[in-house]
Structure formats: structure tokens, C-alpha cells
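Let me begin by presenting the structure, written as C-alpha cells, before commenting on it.
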Amino acid sequence: MERDFVDDVLDQWRAQRPDLDPAPLSVLARLTRIARRVTRRLDETLKDYGVLHADLDILATLRRAGAPYELTLSEIARWMLAGNSTMTSRLDRLVAAGLVDRKQNPANRRTALIRLTPAGLALVDEAVAVELAEQEKLVSGLSGEDQRELADLLRRLCRSMGEIPD
């Protein structure tokens, strides 16, 4: 295997602190670096749509809910593994762009309902196809079997960590 940046970091820690085992970094540092690269690439891919990957995640969550493409803020936040305050600023951008509407929930006046607008539905349907094509490129260095194996390993890692909000 060819060495990478993380291997150098591990060697440095072993030299400077031989009393510590930096082995967890071999997984987590690579995951962090991959996540940053993926976010940058997907944001770049979506720039023509005027949204960030995080914005598209919200629109896609509403789209996956099915007609009428409406969820409460808490439901969206749960799917996104994000707090309500993080979601509020993202939703403000999407409301200002005319991609979602926010209205008071008639069933519970203390909550809001978030719904895709026709423009939001059109955008998510087009942008999600573009984003998935880019994601396919990003994982193309792995065979289909490698992708399935890695997905299984990452699923096990996620489960071992329990529910951890972002």
C-alpha cells in the first residue's frame, strides 16, 4: 500500500509520544479528510443550482418524505442529525431562495411545518441526480464489492458509536 498523509501523522505521534497508541487516527483522520473533500466537491458540483450540499440534504429529506413534501423542523433535524438551531439558519436561506415554505403547524401551534415549493421540488429532482453522479465518481476508485464491504464496515462503526448528533 502506498503511504499517505495520515501515515506520516501516525509516525510523528509514535516518535513524539511512544506511550500513546495513535491507531484510531488511522480510521478517523481518514474519515474526516474524506468528509471534507466530499463536501467541497459536492458544494462545487451544486454551485450552478445556488445551493450547498447541506441545503440539498434538507431539500432531499423533504422530497423523500413524499407528497406533500412536508415535515416539521424536528423531523428534518432528526434525519439530518443536526440541532434545531443549525437547521433554522439553513432553512432561512432556503425560504429566502423560494425553495421551501415555513408555516405554523395547525396540529401543534408550537411547531412549524416546512414544505418544498414547486421551485424546490424541481431543483431537488434535478440536483440530486447530478449529485449522485458526482458521488459515483468519488467512489469509483473502489470496486462494487469494495464499496459494499466499506459500507458494511462504516455501518458497524456508526452503530458502535450509538446515536451521535452532528
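Residue numbering restarts at 1 in every chain; chains get A, B, ... in the order shown in the C-alpha cells, and ligands count up from 1 in that same order.
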
Can you list, as a ChimeraX atom specification, every residue of stretch 9-120 of chain A that DSSP puts in strand (DSSP E or B)? /A:70-72,100-104,112-116

Contacts of stretch 116-118 of chain A at 12 Å (only C-alpha atoms; same-chain gap of 3+ positions) as a PyMOL selection string: chain A and resi 56+58-72+91+94-103+113+121-125

Which residues are near A:Ala127? Cut-off 12 Å, only C-alpha atoms, ignore same chain within fewer than 4 positions. Put them as a ChimeraX atom specification. /A:42-43,45-53,55-57,59-60,63,119-123,131-134

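You will find atom CA of A:Ser143 at 23.2 Å from atom CA of A:Phe5.
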
Please give the complete set of residues from stretch 35-133 of chain A that DSSP, run on the backbone, assigns to helix (DSSP H, G or I), formatted as an MDAnalysis selection string. chainID A and resid 35:49 53:64 73:80 84:96 118:133

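Near A:Ala29, within 10 Å and counting only C-alpha atoms, sit A:Phe5, A:Val6, A:Val9, A:Leu10, A:Pro24, A:Leu25, A:Ser26, A:Thr32, A:Arg33, A:Ile34, A:Ala35; same-chain residues fewer than 3 positions away were not included.
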
For A:Asp92, which residue among A:Ile114, A:Met80, A:Ala151, A:Val38 is the nearest when counting only C-alpha atoms? A:Ile114

Let me make sure I understand: among A:Glu149, A:Arg37, A:Thr111, A:Ala54, which one has the smallest atom-to-atom distance to A:Gln135 if we use only C-alpha atoms? A:Arg37

Quote the spacing between atom CA of A:Leu150 and atom CA of A:Glu44 in Å to one decimal place.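 About the pair atom CA of A:Leu150 and atom CA of A:Glu44: they are 25.1 Å apart.
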